[in-house]
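Shown next: start_3.pdb, given as PDB, C-alpha atoms.
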```pdb
MODEL        1
ATOM      1  CA  MET A  24    -209.067-151.024-121.298
ATOM      2  CA  CYS A  25    -205.665-152.634-121.855
ATOM      3  CA  PHE A  26    -203.453-152.010-124.893
ATOM      4  CA  GLU A  27    -200.404-153.944-126.034
ATOM      5  CA  LEU A  28    -198.945-152.276-129.095
ATOM      6  CA  SER A  29    -195.991-153.319-131.229
ATOM      7  CA  MET A  30    -194.964-151.629-134.450
ATOM      8  CA  ALA A  31    -193.050-152.796-137.448
ATOM      9  CA  PRO A  32    -190.972-150.190-139.251
ATOM     10  CA  GLN A  33    -192.737-150.852-142.535
ATOM     11  CA  THR A  34    -194.958-148.015-143.794
ATOM     12  CA  GLU A  35    -198.524-149.100-144.481
ATOM     13  CA  THR A  36    -201.551-147.208-145.763
ATOM     14  CA  LEU A  37    -204.627-147.190-143.556
ATOM     15  CA  SER A  38    -207.886-148.623-144.695
ATOM     16  CA  ARG A  39    -211.302-147.607-143.438
ATOM     17  CA  PRO A  40    -212.628-150.306-141.078
ATOM     18  CA  SER A  41    -215.913-151.928-141.986
ATOM     19  CA  ARG A  42    -219.049-151.323-139.903
ATOM     20  CA  GLN A  43    -219.424-154.868-138.701
ATOM     21  CA  PRO A  44    -220.814-156.194-135.398
ATOM     22  CA  PRO A  45    -218.687-155.346-132.357
ATOM     23  CA  THR A  46    -216.398-158.387-132.177
ATOM     24  CA  GLN A  47    -212.900-158.549-130.695
ATOM     25  CA  LEU A  48    -211.369-158.667-134.184
ATOM     26  CA  SER A  49    -213.274-155.659-135.509
ATOM     27  CA  ILE A  50    -212.146-153.488-132.605
ATOM     28  CA  THR A  51    -208.581-154.588-133.054
ATOM     29  CA  ASN A  52    -208.785-153.609-136.711
ATOM     30  CA  SER A  53    -210.176-150.210-135.702
ATOM     31  CA  PHE A  54    -207.205-149.347-133.548
ATOM     32  CA  ILE A  55    -204.817-150.986-135.987
ATOM     33  CA  SER A  56    -205.998-148.457-138.552
ATOM     34  CA  ILE A  57    -204.804-145.621-136.311
ATOM     35  CA  CYS A  58    -201.248-146.901-136.565
ATOM     36  CA  SER A  59    -200.446-149.664-139.061
ATOM     37  CA  LYS A  60    -201.682-153.069-140.137
ATOM     38  CA  LYS A  61    -198.562-154.399-138.393
ATOM     39  CA  VAL A  62    -199.719-153.042-135.015
ATOM     40  CA  SER A  63    -200.875-155.789-132.660
ATOM     41  CA  THR A  64    -203.633-154.502-130.359
ATOM     42  CA  GLN A  65    -205.208-156.364-127.455
ATOM     43  CA  ILE A  66    -208.368-154.720-126.094
ATOM     44  CA  ASN A  67    -210.184-156.364-123.215
ATOM     45  CA  ASN A  68    -213.411-154.405-123.487
ATOM     46  CA  ALA A  69    -215.268-154.269-126.816
ATOM     47  CA  ARG A  70    -217.965-151.759-125.935
ATOM     48  CA  LEU A  71    -216.315-148.781-127.633
ATOM     49  CA  TYR A  72    -216.578-150.038-131.187
ATOM     50  CA  SER A  73    -219.373-148.576-133.291
ATOM     51  CA  GLN A  74    -220.671-146.737-130.243
ATOM     52  CA  GLN A  75    -220.554-143.096-129.338
ATOM     53  CA  VAL A  76    -217.339-141.935-127.720
ATOM     54  CA  ILE A  77    -216.161-138.631-126.303
ATOM     55  CA  VAL A  78    -212.999-137.118-127.757
ATOM     56  CA  ASP A  79    -211.364-134.771-125.227
ATOM     57  CA  LEU A  80    -209.013-132.274-126.848
ATOM     58  CA  ASN A  81    -206.219-130.736-124.800
ATOM     59  CA  ILE A  82    -204.044-128.845-127.216
ATOM     60  CA  LEU A  83    -201.719-127.468-124.522
ATOM     61  CA  SER A  84    -200.973-130.989-123.270
ATOM     62  CA  GLN A  85    -200.819-132.160-126.894
ATOM     63  CA  LYS A  86    -203.274-134.910-126.021
ATOM     64  CA  ILE A  87    -206.401-136.425-127.523
ATOM     65  CA  ARG A  88    -208.240-138.692-125.112
ATOM     66  CA  VAL A  89    -210.882-141.053-126.476
ATOM     67  CA  HIS A  90    -213.227-142.555-123.914
ATOM     68  CA  SER A  91    -216.656-144.057-123.450
ATOM     69  CA  GLU A  92    -219.415-141.951-121.912
ATOM     70  CA  ASN A  93    -219.020-143.768-118.599
ATOM     71  CA  ASN A  94    -215.238-143.122-118.690
ATOM     72  CA  GLU A  95    -214.420-146.797-118.191
ATOM     73  CA  ASP A  96    -212.707-147.313-121.571
ATOM     74  CA  THR A  97    -209.920-144.949-122.550
ATOM     75  CA  PHE A  98    -207.336-144.554-125.307
ATOM     76  CA  GLU A  99    -204.889-141.638-125.472
ATOM     77  CA  ILE A 100    -203.121-140.158-128.482
ATOM     78  CA  PHE A 101    -200.307-137.668-127.889
ATOM     79  CA  THR A 102    -199.496-135.414-130.842
ATOM     80  CA  TYR A 103    -196.012-133.953-130.579
ATOM     81  CA  SER A 104    -194.054-131.652-132.842
ATOM     82  CA  TRP A 105    -191.575-133.150-135.286
ATOM     83  CA  SER A 106    -188.687-131.718-133.208
ATOM     84  CA  SER A 107    -189.632-134.079-130.350
ATOM     85  CA  LEU A 108    -189.148-137.154-132.524
ATOM     86  CA  ASN A 109    -187.142-139.936-130.873
ATOM     87  CA  SER A 110    -185.106-142.725-132.374
ATOM     88  CA  ASN A 111    -187.627-145.419-131.425
ATOM     89  CA  ALA A 112    -190.353-143.979-133.665
ATOM     90  CA  HIS A 113    -191.675-146.036-136.574
ATOM     91  CA  GLN A 114    -193.131-144.785-139.819
ATOM     92  CA  PHE A 115    -196.772-145.230-140.783
ATOM     93  CA  VAL A 116    -199.602-143.450-142.579
ATOM     94  CA  ILE A 117    -202.639-141.774-141.047
ATOM     95  CA  ALA A 118    -205.211-139.656-142.868
ATOM     96  CA  GLY A 119    -203.052-139.863-145.988
ATOM     97  CA  CYS A 120    -199.981-138.414-144.229
ATOM     98  CA  THR A 121    -196.749-140.299-143.594
ATOM     99  CA  ILE A 122    -195.753-139.734-139.971
ATOM    100  CA  ARG A 123    -193.762-141.390-137.224
ATOM    101  CA  GLY A 124    -194.895-142.646-133.853
ATOM    102  CA  THR A 125    -194.289-144.902-130.858
ATOM    103  CA  SER A 126    -196.480-147.040-128.628
ATOM    104  CA  ILE A 127    -197.010-146.200-124.958
ATOM    105  CA  SER A 128    -198.884-147.922-122.153
ATOM    106  CA  LYS A 129    -202.027-145.802-122.545
ATOM    107  CA  GLY A 130    -202.051-145.457-126.323
ATOM    108  CA  ILE A 131    -199.680-143.962-128.871
ATOM    109  CA  GLN A 132    -197.425-140.961-129.476
ATOM    110  CA  ILE A 133    -197.348-139.447-132.945
ATOM    111  CA  PHE A 134    -195.202-136.679-134.396
ATOM    112  CA  TRP A 135    -196.348-133.979-136.822
ATOM    113  CA  LYS A 136    -194.657-131.064-138.486
ATOM    114  CA  ASN A 137    -197.864-129.039-138.058
ATOM    115  CA  HIS A 138    -199.495-129.511-134.657
ATOM    116  CA  SER A 139    -202.958-128.187-135.569
ATOM    117  CA  GLU A 140    -202.994-130.286-138.724
ATOM    118  CA  GLY A 141    -202.080-133.321-136.641
ATOM    119  CA  PHE A 142    -204.952-132.724-134.241
ATOM    120  CA  VAL A 143    -207.506-132.458-137.029
ATOM    121  CA  SER A 144    -206.092-135.420-138.982
ATOM    122  CA  VAL A 145    -206.310-137.720-135.953
ATOM    123  CA  ILE A 146    -209.899-136.617-135.278
ATOM    124  CA  GLN A 147    -210.850-137.218-138.907
ATOM    125  CA  HIS A 148    -209.449-140.711-138.652
ATOM    126  CA  LEU A 149    -211.276-141.416-135.386
ATOM    127  CA  LEU A 150    -214.494-140.462-137.171
ATOM    128  CA  LYS A 151    -214.006-143.444-139.462
ATOM    129  CA  MET A 152    -214.216-145.778-136.478
ATOM    130  CA  PHE A 153    -216.472-144.207-133.884
ATOM    131  CA  GLN A 154    -219.425-141.903-133.439
ATOM    132  CA  CYS A 155    -217.485-139.013-131.917
ATOM    133  CA  LYS A 156    -218.508-136.046-129.830
ATOM    134  CA  ILE A 157    -215.885-133.435-129.011
ATOM    135  CA  SER A 158    -215.155-131.971-125.577
ATOM    136  CA  THR A 159    -212.669-129.144-125.029
ATOM    137  CA  ILE A 160    -211.815-126.023-123.040
ATOM    138  CA  ILE A 161    -210.781-122.779-124.742
ATOM    139  CA  ASN A 162    -209.099-120.182-122.536
ATOM    140  CA  ARG A 163    -206.607-117.332-122.785
ATOM    141  CA  LEU A 164    -203.646-119.725-122.879
ATOM    142  CA  ASN A 165    -204.766-121.781-125.854
ATOM    143  CA  CYS A 166    -207.102-119.536-127.845
ATOM    144  CA  ASP A 167    -204.693-118.946-130.735
ATOM    145  CA  LEU A 168    -203.843-122.649-130.961
ATOM    146  CA  TYR A 169    -207.498-123.706-131.002
ATOM    147  CA  GLN A 170    -208.781-121.227-133.578
ATOM    148  CA  PRO A 171    -207.788-123.254-136.693
ATOM    149  CA  VAL A 172    -208.748-126.543-135.005
ATOM    150  CA  VAL A 173    -212.211-125.358-133.912
ATOM    151  CA  SER A 174    -212.794-123.808-137.336
ATOM    152  CA  GLU A 175    -212.112-127.127-139.035
ATOM    153  CA  LEU A 176    -214.217-129.115-136.547
ATOM    154  CA  PHE A 177    -217.239-126.914-137.180
ATOM    155  CA  HIS A 178    -216.571-127.114-140.923
ATOM    156  CA  LEU A 179    -216.799-130.901-140.557
ATOM    157  CA  GLN A 180    -220.126-130.406-138.701
ATOM    158  CA  LEU A 181    -218.856-132.352-135.689
ATOM    159  CA  GLU A 182    -220.977-132.427-132.559
ATOM    160  CA  PHE A 183    -219.575-131.171-129.260
ATOM    161  CA  LYS A 184    -220.439-132.950-126.027
ATOM    162  CA  LYS A 185    -219.069-130.037-124.002
ATOM    163  CA  LEU A 186    -217.523-126.751-125.088
ATOM    164  CA  THR A 187    -216.093-124.432-122.434
ATOM    165  CA  ILE A 188    -214.917-120.985-123.482
ATOM    166  CA  SER A 189    -213.762-117.985-121.446
ATOM    167  CA  ILE A 190    -214.821-114.518-122.548
ATOM    168  CA  ASP A 191    -212.456-111.667-121.650
ATOM    169  CA  GLY A 192    -213.235-109.002-124.249
ATOM    170  CA  SER A 193    -210.005-109.516-126.176
ATOM    171  CA  LYS A 194    -210.211-109.134-129.940
ATOM    172  CA  ARG A 195    -209.005-112.662-130.710
ATOM    173  CA  ARG A 196    -211.471-114.221-128.241
ATOM    174  CA  ASN A 197    -214.320-112.148-129.651
ATOM    175  CA  LEU A 198    -213.500-113.300-133.182
ATOM    176  CA  LEU A 199    -213.439-116.917-132.022
ATOM    177  CA  TRP A 200    -216.774-116.467-130.234
ATOM    178  CA  ASN A 201    -218.392-115.070-133.378
ATOM    179  CA  GLN A 202    -217.281-118.182-135.206
ATOM    180  CA  ILE A 203    -218.614-120.480-132.482
ATOM    181  CA  ALA A 204    -221.923-118.575-132.149
ATOM    182  CA  ASN A 205    -222.956-119.597-135.656
ATOM    183  CA  ASN A 206    -222.549-123.290-134.841
ATOM    184  CA  LEU A 207    -224.001-123.691-131.349
ATOM    185  CA  GLY A 208    -226.647-126.069-132.657
ATOM    186  CA  LEU A 209    -223.822-128.647-132.744
ATOM    187  CA  VAL A 210    -223.068-128.160-129.019
ATOM    188  CA  GLU A 211    -224.749-130.177-126.265
ATOM    189  CA  ASP A 212    -223.303-128.399-123.209
ATOM    190  CA  LEU A 213    -221.932-124.857-123.517
ATOM    191  CA  ILE A 214    -220.115-123.348-120.532
ATOM    192  CA  ILE A 215    -219.185-119.677-120.731
ATOM    193  CA  VAL A 216    -216.744-118.292-118.169
ATOM    194  CA  THR A 217    -216.840-114.495-118.098
ATOM    195  CA  ILE A 218    -213.516-113.000-117.072
ATOM    196  CA  LEU A 219    -213.948-109.532-115.542
ATOM    197  CA  PRO A 220    -213.697-106.811-116.563
ATOM    198  CA  SER A 221    -215.219-107.607-119.925
ATOM    199  CA  VAL A 222    -217.233-105.175-122.017
ATOM    200  CA  PHE A 223    -217.891-107.707-124.745
ATOM    201  CA  VAL A 224    -221.469-109.002-124.826
ATOM    202  CA  PRO A 225    -221.693-112.279-126.757
ATOM    203  CA  VAL A 226    -224.377-112.384-129.432
ATOM    204  CA  PHE A 227    -226.147-115.693-130.015
ATOM    205  CA  THR A 228    -227.056-116.554-133.594
ATOM    206  CA  SER A 229    -227.792-120.160-132.616
ATOM    207  CA  TRP A 230    -228.306-122.008-129.336
ATOM    208  CA  PRO A 231    -226.783-125.077-127.657
ATOM    209  CA  GLN A 232    -228.886-127.697-125.952
ATOM    210  CA  ASN A 233    -227.728-126.630-122.483
ATOM    211  CA  ILE A 234    -226.051-123.404-121.380
ATOM    212  CA  ASN A 235    -224.210-122.568-118.153
ATOM    213  CA  ILE A 236    -222.774-119.050-117.659
ATOM    214  CA  THR A 237    -220.630-117.759-114.807
ATOM    215  CA  SER A 238    -220.724-113.991-114.143
ATOM    216  CA  SER A 239    -223.802-113.817-116.350
ATOM    217  CA  PHE A 240    -224.523-110.137-115.679
ATOM    218  CA  TRP A 241    -224.743-109.518-119.444
ATOM    219  CA  PHE A 242    -227.295-112.266-120.159
ATOM    220  CA  THR A 243    -230.912-111.048-120.136
ATOM    221  CA  LEU A 244    -233.085-113.907-121.466
ATOM    222  CA  LYS A 245    -234.874-111.388-123.673
ATOM    223  CA  ALA A 246    -233.809-113.238-126.821
ATOM    224  CA  THR A 247    -235.662-116.256-128.185
ATOM    225  CA  CYS A 248    -233.665-118.916-126.353
ATOM    226  CA  THR A 249    -234.248-122.530-127.406
ATOM    227  CA  CYS A 250    -232.044-124.189-124.766
ATOM    228  CA  THR A 251    -233.282-127.144-122.721
ATOM    229  CA  THR A 252    -231.356-126.189-119.590
ATOM    230  CA  ILE A 253    -230.304-122.650-118.608
ATOM    231  CA  THR A 254    -228.050-122.030-115.591
ATOM    232  CA  LEU A 255    -226.969-118.476-114.747
ATOM    233  CA  TRP A 256    -224.478-117.614-111.998
ATOM    234  CA  GLY A 257    -223.772-114.066-110.820
ATOM    235  CA  SER A 258    -226.779-112.762-112.730
ATOM    236  CA  TYR A 259    -228.103-109.201-112.487
ATOM    237  CA  LEU A 260    -231.682-110.282-113.228
ATOM    238  CA  SER A 261    -234.219-108.931-110.756
ATOM    239  CA  SER A 262    -237.615-109.990-109.437
ATOM    240  CA  MET A 263    -239.181-107.789-112.108
ATOM    241  CA  ASP A 264    -237.163-109.601-114.795
ATOM    242  CA  LEU A 265    -238.322-112.888-113.314
ATOM    243  CA  ASP A 266    -241.944-111.810-113.686
ATOM    244  CA  GLU A 267    -241.317-111.086-117.387
ATOM    245  CA  ILE A 268    -239.521-114.412-117.900
ATOM    246  CA  LEU A 269    -242.315-116.467-116.359
ATOM    247  CA  LYS A 270    -244.986-114.585-118.300
ATOM    248  CA  LYS A 271    -243.030-115.212-121.491
ATOM    249  CA  TRP A 272    -242.824-118.929-120.680
ATOM    250  CA  LYS A 273    -246.555-119.110-119.961
ATOM    251  CA  THR A 274    -247.355-117.700-123.407
ATOM    252  CA  GLY A 275    -245.095-120.128-125.286
ATOM    253  CA  GLY A 276    -241.632-118.631-124.870
ATOM    254  CA  PHE A 277    -238.614-120.833-124.181
ATOM    255  CA  PRO A 278    -240.300-123.732-126.021
ATOM    256  CA  ASN A 279    -237.670-126.370-125.180
ATOM    257  CA  LEU A 280    -237.030-125.352-121.581
ATOM    258  CA  GLU A 281    -236.898-128.161-119.022
ATOM    259  CA  ARG A 282    -234.829-126.547-116.282
ATOM    260  CA  LEU A 283    -234.025-122.935-115.403
ATOM    261  CA  GLU A 284    -231.708-121.864-112.584
ATOM    262  CA  ILE A 285    -230.812-118.235-111.881
ATOM    263  CA  HIS A 286    -228.541-117.028-109.065
ATOM    264  CA  SER A 287    -228.887-113.280-108.488
ATOM    265  CA  ASP A 288    -228.703-110.977-105.479
ATOM    266  CA  ASN A 289    -231.415-108.926-107.199
ATOM    267  CA  ILE A 290    -233.976-111.706-106.820
ATOM    268  CA  GLU A 291    -235.359-110.693-103.444
ATOM    269  CA  ASP A 292    -238.658-110.132-101.701
ATOM    270  CA  ASP A 293    -238.779-106.371-102.358
ATOM    271  CA  GLY A 294    -242.526-106.121-102.883
ATOM    272  CA  THR A 295    -242.372-106.849-106.629
ATOM    273  CA  MET A 296    -245.272-109.010-107.774
ATOM    274  CA  ILE A 297    -244.314-112.068-109.806
ATOM    275  CA  LEU A 298    -247.363-113.572-111.544
ATOM    276  CA  GLY A 299    -249.428-111.741-108.917
ATOM    277  CA  MET A 300    -247.461-113.221-105.988
ATOM    278  CA  ASN A 301    -244.548-112.065-103.878
ATOM    279  CA  LEU A 302    -241.354-114.131-103.870
ATOM    280  CA  GLU A 303    -242.260-116.098-100.756
ATOM    281  CA  GLU A 304    -245.712-116.973-102.107
ATOM    282  CA  LEU A 305    -244.176-118.095-105.408
ATOM    283  CA  ASN A 306    -241.923-120.634-103.686
ATOM    284  CA  ALA A 307    -243.038-124.257-104.248
ATOM    285  CA  LYS A 308    -245.844-123.125-106.556
ATOM    286  CA  VAL A 309    -246.797-125.108-109.672
ATOM    287  CA  ILE A 310    -247.640-122.938-112.663
ATOM    288  CA  GLN A 311    -248.722-123.908-116.156
ATOM    289  CA  THR A 312    -248.627-122.540-119.675
ATOM    290  CA  ASP A 313    -251.694-120.733-120.992
ATOM    291  CA  ASP A 314    -252.418-123.574-123.418
ATOM    292  CA  GLY A 315    -252.222-126.147-120.603
ATOM    293  CA  SER A 316    -249.513-128.227-122.285
ATOM    294  CA  LYS A 317    -246.779-127.800-119.638
ATOM    295  CA  LYS A 318    -246.413-127.231-115.936
ATOM    296  CA  ALA A 319    -243.471-125.995-113.885
ATOM    297  CA  THR A 320    -242.497-126.206-110.226
ATOM    298  CA  ILE A 321    -240.853-123.078-108.802
ATOM    299  CA  ASN A 322    -238.295-122.879-105.990
ATOM    300  CA  THR A 323    -237.203-119.374-104.935
ATOM    301  CA  ARG A 324    -234.945-119.756-101.895
ATOM    302  CA  TYR A 325    -231.627-117.986-101.203
ATOM    303  CA  ASN A 326    -231.536-115.313-103.939
ATOM    304  CA  ARG A 327    -232.110-117.791-106.676
ATOM    305  CA  ILE A 328    -234.871-119.415-108.617
ATOM    306  CA  LYS A 329    -235.096-122.961-109.844
ATOM    307  CA  MET A 330    -237.782-123.970-112.301
ATOM    308  CA  TYR A 331    -238.481-127.517-113.452
ATOM    309  CA  VAL A 332    -240.757-128.000-116.461
ATOM    310  CA  THR A 333    -242.698-131.162-117.314
ATOM    311  CA  PRO A 334    -245.484-131.973-119.779
ATOM    312  CA  PHE A 335    -248.957-131.598-118.265
ATOM    313  CA  ASP A 336    -250.491-134.955-117.322
TER     314      ASP A 336
ENDMDL
END
```
Kindly return the structure encoded in the file as structure tokens.
Amino acid sequence: MCFELSMAPQTETLSRPSRQPPTQLSITNSFISICSKKVSTQINNARLYSQQVIVDLNILSQKIRVHSENNEDTFEIFTYSWSSLNSNAHQFVIAGCTIRGTSISKGIQIFWKNHSEGFVSVIQHLLKMFQCKISTIINRLNCDLYQPVVSELFHLQLEFKKLTISIDGSKRRNLLWNQIANNLGLVEDLIIVTILPSVFVPVFTSWPQNINITSSFWFTLKATCTCTTITLWGSYLSSMDLDEILKKWKTGGFPNLERLEIHSDNIEDDGTMILGMNLEELNAKVIQTDDGSKKATINTRYNRIKMYVTPFD
């Protein structure tokens, strides 16, 4: 995607672009509305307009990156503090706020007095043009900065393509997790990085579509999990736990499950019977639910289990 931006110093109020067919003009108007009606935008690829895009938030780098799902089309918005304002900045209006900004080769730079407010305001404006899904990483360096932003995004009921959060047992991270846990139905891919030592055990009050947990020693699969894909690294689950999990699945548990992967040194051929078989006998077996609606192929090599579920033909 190529951008050629030029700004006039005149302040202009943004208008919401119409949902018209994806023509060159309509896309130009979409990006014009980010800056000013006096902005001249040349975009070579029109596939972004009115389609779903991913909005990557990097609050430490002060960057919002908008891109297509195949990553071929990209537009970047840098949100800087008012103190970074340079003399080349022009004045315009976005989300009802008068701000200043400059064009750059990859997108635009904008300057806000309140950084978190700037992040949310830009996202709200992008929502007027695209079907947005959010992707971001929350760690110990940016947790405090993200808390008000994430709170507002969930308040707006925005969907997350990918949400990565590290859990370290700190009070502020636990409070943020409790806020996120109530909104996981809006998350497609949730990645939890457990930083040891951590005594905090996250409680799930809702579930994402897919979940991937590193150092998942605290995760038991005893709850009613509705995820489609479950991937557990560094698990403490044993062969006996595996027997309980598979029995639960056979009787209707994990109703949405399509793929399960568990890595655990405790999954070993120690004589424990799993569905009446030892671990070696279970490998490559096809099992089915009691009602005959689903079948699953099991792979149990190298201290891990992989389970792939499909509807029964």
Which residues would end up in the selection if the PyMOL selection byres ((chain A and resi 267) around 12) were applied here, given that I need the answer as a VMD selection string? chain A and resid 243 to 245 260 to 266 268 to 274 276 295 to 299
Please tell me which residues are no farther than 9 Å from (-249.2, -120.4, -112.2) in the file, counting only C-alpha atoms, and write them as number ranges by chain. A: 269, 273, 298, 305, 308-312, 318-319
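Put simply, the PyMOL selection byres ((chain A and resi 80) around 8) on this file hits Val78, Asp79, Asn81, Ile82, Lys86, Ile87, Arg88, Ile157, Ser158, Thr159 and Ile160 of chain A.
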For the structure provided, state which residues fall under the PyMOL selection byres ((chain A and resi 162-166) around 7), and present them as a PyMOL selection string. chain A and resi 83+160-161+167-170+188-189+196
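Separating atom CA of A:Phe227 from atom CA of A:Ile190 is a distance of 13.6 Å.
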Gap from atom CA of A:Ile285 to atom CA of A:Ser239 - Å, one decimal: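 Between atom CA of A:Ile285 and atom CA of A:Ser239 the gap works out to 9.4 Å.
Put simply, atom CA of A:Gly141 is 24.3 Å away from atom CA of A:Asn94.
Candidate residues A:Thr247, A:Gln75, A:Asn301, A:Ser316 were compared for distance to A:Met152, and the nearest is A:Gln75, using only C-alpha atoms.
Omitting A:Leu213 and its sequence neighbours fewer than 3 positions away, and counting only C-alpha atoms, the residues within 10 Å are Phe183, Lys184, Lys185, Leu186, Thr187, Ile188, Leu207, Val210, Val216, Trp230, Pro231, Gln232, Asn233, Ile234, Asn235, Ile236 and Ile253 of chain A.
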Rank A:Phe223, A:Phe177, A:Trp241, A:Phe153 by their smallest atom-to-atom distance to A:Asn205, using all atoms listed in the file, and report the top residue only.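 Nearest to A:Asn205: A:Phe177.
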Excluding A:Ser258 and residues on its chain fewer than 4 positions from it, collect all residues at most 6 Å away from it, counting all atoms listed in the file, and give them as number ranges by chain. A: 239-240, 286-287
Polymer residues at most 12 Å from A:His178, all atoms listed in the file, same-chain spacing of 6 or more positions, as an NGL selection string: :A and (143 or 147 or 171-172 or 202-203 or 205-206 or 209)
Using C-alpha atoms, can you write the selected residues to a file as a PDB file, in the coordinates of the input?
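Done, and the output landed in result.pdb:
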```pdb
ATOM      1  CA  VAL A 143    -207.506-132.458-137.029  1.00  0.00           C
ATOM      2  CA  GLN A 147    -210.850-137.218-138.907  1.00  0.00           C
ATOM      3  CA  PRO A 171    -207.788-123.254-136.693  1.00  0.00           C
ATOM      4  CA  VAL A 172    -208.748-126.543-135.005  1.00  0.00           C
ATOM      5  CA  GLN A 202    -217.281-118.182-135.206  1.00  0.00           C
ATOM      6  CA  ILE A 203    -218.614-120.480-132.482  1.00  0.00           C
ATOM      7  CA  ASN A 205    -222.956-119.597-135.656  1.00  0.00           C
ATOM      8  CA  ASN A 206    -222.549-123.290-134.841  1.00  0.00           C
ATOM      9  CA  LEU A 209    -223.822-128.647-132.744  1.00  0.00           C
TER      10      LEU A 209
END
```
Using all atoms listed in the file, can you list as JSON, numbers by chain the residues within 7 Å of (-225.7, -122.9, -109.8)? {"A": [254, 255, 256, 284, 286]}
Nearest-residue call for A:Cys155, choices A:His90, A:Val226, A:Gly208, A:Ile133, using all atoms listed in the file: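 Answer, going by the shortest atom-to-atom distance: A:His90.
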